[in-house]
Amino acid sequence: MNIGILGLGTVGSGVIKIFQENNELIKKRTGEEVSIKKVLVRDPSKSRAVKVDNKLLTTDPGEILDDPDIDIVVEVIGGIDPTLDYVLRAIENKKHVVTANKEMMAKEGWRILSLAKSRGVDVYYEASVAGGIPIIRPMKESLTANRIDEIIGIINGTTNYILTKMAHEGREYADVLKEAQQLGYAEADPTSDVEGYDARYKLAILATLAFGARIDVMDIYTEGITKISKIDIKYADELGYAIKLLAIGRQRSDGLELRVHPALINKSHPLAQVNDVFNGIFIKGNAIGEIMLYGRGAGQMPTASAVVADIIDIIRNIKTGTVNRVESQYDESIPVIDMNCIVSKYYIRIRVKDRPGVMASIAKAFGDHGVSLQSIIQKDVKGEEAEIVLLTHDIMEKCVSDALVEVRLLPAVVKVENIIREIR
């Protein structure tokens with residue numbers, strides 16, 4: 001079996017390492033000699049952490065995509081352009097594909113898988129979500145007897161590292177982000193991670209599998225962690241919560257809740273204990289009940305492990321003549337529920353002028369919009385200003401949004417500092 005690899009960055013190098021170290025083991029488990037025939041790179045002369053014979057390197061994608069001797073194409077470049085064209089070309093040429101590309105699978109997965117089905121080849125993408133944690137295959141196979149009611153995940157290691165450090169060390173977001181970049185946990189441009197886009201791509205993939213729906217990434221409400229301060233984390237801790245960036249998918253009778261945002265989560269919940277760069281995915285099924293998968297959601301070797309496992313699975317499929325053996329039908333008519341119709345509890349932190357009657361006026365503004373307050377607590381007083389924290393009972397998002405429009409206009413309100421939803 002011959003393999004062509006598109007990309008020799010972090011994950012591509014990890015794939016090479018696994019084949020170099022575990023070649024005999026892979027041969028035993030597949031019954032086949034597996035050979036890496038070509039590797040696409042931008043600069044063949046570049047110094048690399050993994051030793052690769054220069055004869056294997058090419059700058060011409062056609063040497064992989066159009067070579068009839070290559071059975072499986074491994075895509076570890078990332079992004080959409082030109083990656084999507086490479087993948088579609090490989091499939092057209094009846095090559096099986098393994099990819100770690102969450103953005104491509106979230107945005108173009110439907111097109112890719114449809115073409116693969118028509119051409120009679122497999123496309124595997126376990127590494128696109130949660131790195132080395134097996135989640136795609138369990139969703140496609142092990143849990144198919146269940147109606148999945150809920151999937152909640154910490155599926156971005158960068159933001160989880162930042163929030164963990166802020167919580168444990170009392171540091172501010174900007175300071176920890178800089179450290180994460182120095183350690184290689186965050187990119188020089190961290191936007192995709194810290195604004196929640198990376199988690200949104202992964203949720204789109206998981207929701208498609210969990211709920212049997214065709215998901216448009218842009219229908220997923222997305223909010224990042226850039227507004228979270230150490231004071232929010234401190235107050236949440238005092239109230240018995242951790243703050244995590246969560247990807248949330250829930251199946252309701254009227255459609256799907258799909259959202260990514262920071263959330264208060266009770267410290268007793270297993271996801272509250274997922275720290276640093278680790279990921280955790282909590283699933284609720286009508287037959288299996290509650291389960292959680294936990295582990296390293298990124299990194300060279302965990303992600304490469306998932307890629308090579310997919311390669312092995314495809315080789316087994318080829319040998320037994322069972323390609324396209326896992327097929328599902330996806331419903332295009334299931335709606336994604338508008339965020340304004342989501343019901344939750346809310347943590348609201350407001351800076352006000354320290355004067356009599358402020359709390360009463362704020363409570364009245366919320367009450368006029370049907371928002372019932374569970375508690376309203378005055379926190380720090382600095383000079384002529386004070387900070388108050390409100391916790392609401394369960395209420396629809398639109399009611400909170402409408403109430404906050406009025407609250408912001410109150411003469412005593414300096415600023416609504418933050419609003420964070422609670423997840424149970």
# chains A, B, ... in the order shown; residues from 1 in each chain; ligands from 1
call {"tool": "closest_atom_pairs", "arguments": {"of": "stretch 202-319 of chain A", "to": "stretch 10-13 of chain A", "cutoff": "7 Å", "atoms": "only C-alpha atoms", "output": "Markdown table"}}
result
| residue | atom | partner | partner_atom | distance |
| --- | --- | --- | --- | --- |
| A:Gln300 | CA | A:Val11 | CA | 5.1 |
| A:Thr303 | CA | A:Val11 | CA | 6.6 |
| A:Ala304 | CA | A:Val11 | CA | 5.5 |
call {"tool": "write_last_selection", "arguments": {"atoms": "C-alpha atoms", "output": "PDB file, in the first residue's frame"}}
result
ATOM      1  CA  GLN A 300       1.959  16.482  17.084  1.00  0.00           C
ATOM      2  CA  THR A 303      -3.023  14.059  16.198  1.00  0.00           C
ATOM      3  CA  ALA A 304      -0.641  11.945  14.108  1.00  0.00           C
TER       4      ALA A 304
END
call {"tool": "residues_around", "arguments": {"residues": "A:Met292", "least_positions_apart": "3", "cutoff": "7 Å", "atoms": "only C-alpha atoms", "output": "PyMOL selection string"}}
result
chain A and resi 280-283
call {"tool": "closest_atom_pairs", "arguments": {"of": "stretch 278-310 of chain A", "to": "stretch 114-133 of chain A", "cutoff": "6 Å", "atoms": "only C-alpha atoms", "output": "CSV"}}
result
residue,atom,partner,partner_atom,distance
A:Gly295,CA,A:Ile133,CA,5.8
A:Gly297,CA,A:Ala130,CA,4.0
A:Ala298,CA,A:Gly131,CA,4.5
A:Pro302,CA,A:Gly132,CA,4.2
A:Thr303,CA,A:Gly131,CA,4.3
A:Ala306,CA,A:Ala127,CA,5.1
A:Val307,CA,A:Ala127,CA,5.8
call {"tool": "closest_residue", "arguments": {"among": "A:Val34, A:Ala236, A:Ala309, A:Ile26", "to": "A:Ile136", "atoms": "only C-alpha atoms"}}
result
A:Ala309
call {"tool": "residues_around", "arguments": {"residues": "stretch 345-347 of chain A", "least_positions_apart": "5", "cutoff": "9 Å", "atoms": "only C-alpha atoms", "output": "count of residues only"}}
result
18
call {"tool": "closest_residue", "arguments": {"among": "A:Ser344, A:Ser333, A:Ser192, A:Ser253", "to": "A:Glu103", "atoms": "only C-alpha atoms"}}
result
A:Ser192
call {"tool": "select_by_dssp", "arguments": {"residues": "stretch 82-163 of chain A", "states": "strand (DSSP E or B)", "output": "MDAnalysis selection string"}}
result
chainID A and resid 96:99 123:124 148:154
call {"tool": "residues_around", "arguments": {"residues": "A:Val381", "least_positions_apart": "4", "cutoff": "10 Å", "atoms": "only C-alpha atoms", "output": "PyMOL selection string"}}
result
chain A and resi 351-354+385-388
call {"tool": "atom_distance", "arguments": {"atom1": "atom CA of A:Ala272", "atom2": "atom CA of A:Ala213"}}
result
28.4 Å
call {"tool": "residues_around", "arguments": {"residues": "stretch 239-250 of chain A", "least_positions_apart": "4", "cutoff": "9 Å", "atoms": "only C-alpha atoms", "output": "ChimeraX atom specification"}}
result
/A:148-156,159-160,163-164,167,196,199-200,202-203,206-207,210-211,222-225,228,232-235,255-268,271-273,420,422-423
call {"tool": "write_last_selection", "arguments": {"atoms": "C-alpha atoms", "output": "PDB file, in the first residue's frame"}}
result
ATOM      1  CA  ILE A 148     -27.869  11.606  20.990  1.00  0.00           C
ATOM      2  CA  ASP A 149     -29.619  14.281  23.028  1.00  0.00           C
ATOM      3  CA  GLU A 150     -26.636  16.380  24.020  1.00  0.00           C
ATOM      4  CA  ILE A 151     -22.958  16.849  23.270  1.00  0.00           C
ATOM      5  CA  ILE A 152     -20.916  19.405  25.212  1.00  0.00           C
ATOM      6  CA  GLY A 153     -17.202  19.737  24.702  1.00  0.00           C
ATOM      7  CA  ILE A 154     -14.029  21.521  25.647  1.00  0.00           C
ATOM      8  CA  ILE A 155     -12.493  21.057  22.221  1.00  0.00           C
ATOM      9  CA  ASN A 156      -9.922  23.822  21.985  1.00  0.00           C
ATOM     10  CA  THR A 159      -8.433  28.519  25.248  1.00  0.00           C
ATOM     11  CA  ASN A 160      -8.636  25.848  27.928  1.00  0.00           C
ATOM     12  CA  LEU A 163      -8.661  29.898  31.213  1.00  0.00           C
ATOM     13  CA  THR A 164      -6.963  27.307  33.454  1.00  0.00           C
ATOM     14  CA  ALA A 167      -8.136  30.496  37.278  1.00  0.00           C
ATOM     15  CA  GLY A 196     -14.120  30.391  19.114  1.00  0.00           C
ATOM     16  CA  ALA A 199     -14.339  25.116  18.253  1.00  0.00           C
ATOM     17  CA  ARG A 200     -17.162  26.099  15.882  1.00  0.00           C
ATOM     18  CA  LYS A 202     -15.326  21.035  15.347  1.00  0.00           C
ATOM     19  CA  LEU A 203     -18.867  21.408  16.692  1.00  0.00           C
ATOM     20  CA  LEU A 206     -19.728  16.569  15.737  1.00  0.00           C
ATOM     21  CA  ALA A 207     -23.283  17.875  15.383  1.00  0.00           C
ATOM     22  CA  ALA A 210     -24.554  13.252  16.514  1.00  0.00           C
ATOM     23  CA  PHE A 211     -27.838  14.600  15.185  1.00  0.00           C
ATOM     24  CA  THR A 222     -19.905  31.803  18.335  1.00  0.00           C
ATOM     25  CA  GLU A 223     -18.325  33.933  21.046  1.00  0.00           C
ATOM     26  CA  GLY A 224     -14.712  33.802  22.230  1.00  0.00           C
ATOM     27  CA  ILE A 225     -12.922  34.288  25.539  1.00  0.00           C
ATOM     28  CA  ILE A 228     -13.202  37.072  30.250  1.00  0.00           C
ATOM     29  CA  ASP A 232     -15.039  37.062  36.362  1.00  0.00           C
ATOM     30  CA  ILE A 233     -13.167  33.854  37.117  1.00  0.00           C
ATOM     31  CA  LYS A 234     -12.774  34.901  40.773  1.00  0.00           C
ATOM     32  CA  TYR A 235     -16.477  35.671  41.184  1.00  0.00           C
ATOM     33  CA  GLY A 255     -34.569  21.910  16.234  1.00  0.00           C
ATOM     34  CA  LEU A 256     -30.955  22.034  17.347  1.00  0.00           C
ATOM     35  CA  GLU A 257     -29.175  24.258  19.848  1.00  0.00           C
ATOM     36  CA  LEU A 258     -25.677  24.834  18.461  1.00  0.00           C
ATOM     37  CA  ARG A 259     -23.440  27.363  20.145  1.00  0.00           C
ATOM     38  CA  VAL A 260     -19.855  28.071  21.201  1.00  0.00           C
ATOM     39  CA  HIS A 261     -19.209  30.501  24.048  1.00  0.00           C
ATOM     40  CA  PRO A 262     -17.651  30.869  27.514  1.00  0.00           C
ATOM     41  CA  ALA A 263     -19.914  29.364  30.142  1.00  0.00           C
ATOM     42  CA  LEU A 264     -20.239  28.968  33.884  1.00  0.00           C
ATOM     43  CA  ILE A 265     -20.179  25.269  34.657  1.00  0.00           C
ATOM     44  CA  ASN A 266     -20.713  23.843  38.130  1.00  0.00           C
ATOM     45  CA  LYS A 267     -17.519  22.533  39.690  1.00  0.00           C
ATOM     46  CA  SER A 268     -19.206  19.167  40.231  1.00  0.00           C
ATOM     47  CA  LEU A 271     -15.967  19.007  32.326  1.00  0.00           C
ATOM     48  CA  ALA A 272     -15.102  21.525  35.049  1.00  0.00           C
ATOM     49  CA  GLN A 273     -12.115  19.321  35.905  1.00  0.00           C
ATOM     50  CA  ILE A 420     -21.825  34.798  30.757  1.00  0.00           C
ATOM     51  CA  GLU A 422     -24.548  29.038  32.745  1.00  0.00           C
ATOM     52  CA  ILE A 423     -24.537  25.464  31.454  1.00  0.00           C
TER      53      ILE A 423
END
call {"tool": "atom_distance", "arguments": {"atom1": "atom CA of A:Val277", "atom2": "atom CA of A:Ala180"}}
result
10.1 Å
call {"tool": "select_by_dssp", "arguments": {"residues": "stretch 178-244 of chain A", "states": "helix (DSSP H, G or I)", "output": "PyMOL selection string"}}
result
chain A and resi 178-183+191-194+197-211+217-219+230-238
call {"tool": "write_last_selection", "arguments": {"atoms": "C-alpha atoms", "output": "JSON list (two decimals), in the first residue's frame"}}
result
[["chain", "number", "residue", "atom", "x", "y", "z"],
["A", 178, "LYS", "CA", 1.44, 35.83, 25.57],
["A", 179, "GLU", "CA", 2.80, 32.90, 27.59],
["A", 180, "ALA", "CA", 0.75, 30.42, 25.55],
["A", 181, "GLN", "CA", 2.24, 31.85, 22.35],
["A", 182, "GLN", "CA", 5.77, 31.54, 23.75],
["A", 183, "LEU", "CA", 5.10, 27.89, 24.66],
["A", 191, "THR", "CA", -7.89, 34.61, 16.42],
["A", 192, "SER", "CA", -9.28, 31.24, 15.34],
["A", 193, "ASP", "CA", -8.78, 29.82, 18.83],
["A", 194, "VAL", "CA", -9.62, 32.70, 21.14],
["A", 197, "TYR", "CA", -13.89, 29.68, 15.37],
["A", 198, "ASP", "CA", -11.79, 26.54, 15.80],
["A", 199, "ALA", "CA", -14.34, 25.12, 18.25],
["A", 200, "ARG", "CA", -17.16, 26.10, 15.88],
["A", 201, "TYR", "CA", -15.66, 24.03, 13.05],
["A", 202, "LYS", "CA", -15.33, 21.04, 15.35],
["A", 203, "LEU", "CA", -18.87, 21.41, 16.69],
["A", 204, "ALA", "CA", -20.23, 21.48, 13.14],
["A", 205, "ILE", "CA", -18.54, 18.12, 12.47],
["A", 206, "LEU", "CA", -19.73, 16.57, 15.74],
["A", 207, "ALA", "CA", -23.28, 17.88, 15.38],
["A", 208, "THR", "CA", -23.56, 16.43, 11.88],
["A", 209, "LEU", "CA", -22.65, 13.01, 13.22],
["A", 210, "ALA", "CA", -24.55, 13.25, 16.51],
["A", 211, "PHE", "CA", -27.84, 14.60, 15.19],
["A", 217, "VAL", "CA", -21.10, 26.50, 10.13],
["A", 218, "MET", "CA", -22.46, 30.04, 9.98],
["A", 219, "ASP", "CA", -25.62, 28.95, 11.85],
["A", 230, "LYS", "CA", -9.62, 37.33, 36.14],
["A", 231, "ILE", "CA", -12.33, 39.03, 38.19],
["A", 232, "ASP", "CA", -15.04, 37.06, 36.36],
["A", 233, "ILE", "CA", -13.17, 33.85, 37.12],
["A", 234, "LYS", "CA", -12.77, 34.90, 40.77],
["A", 235, "TYR", "CA", -16.48, 35.67, 41.18],
["A", 236, "ALA", "CA", -17.47, 32.47, 39.38],
["A", 237, "ASP", "CA", -15.24, 30.48, 41.71],
["A", 238, "GLU", "CA", -16.89, 32.10, 44.74]]
call {"tool": "closest_residue", "arguments": {"among": "A:Asp254, A:His269, A:Thr320, A:Asn22", "to": "A:Asp338", "atoms": "only C-alpha atoms"}}
result
A:Asp254
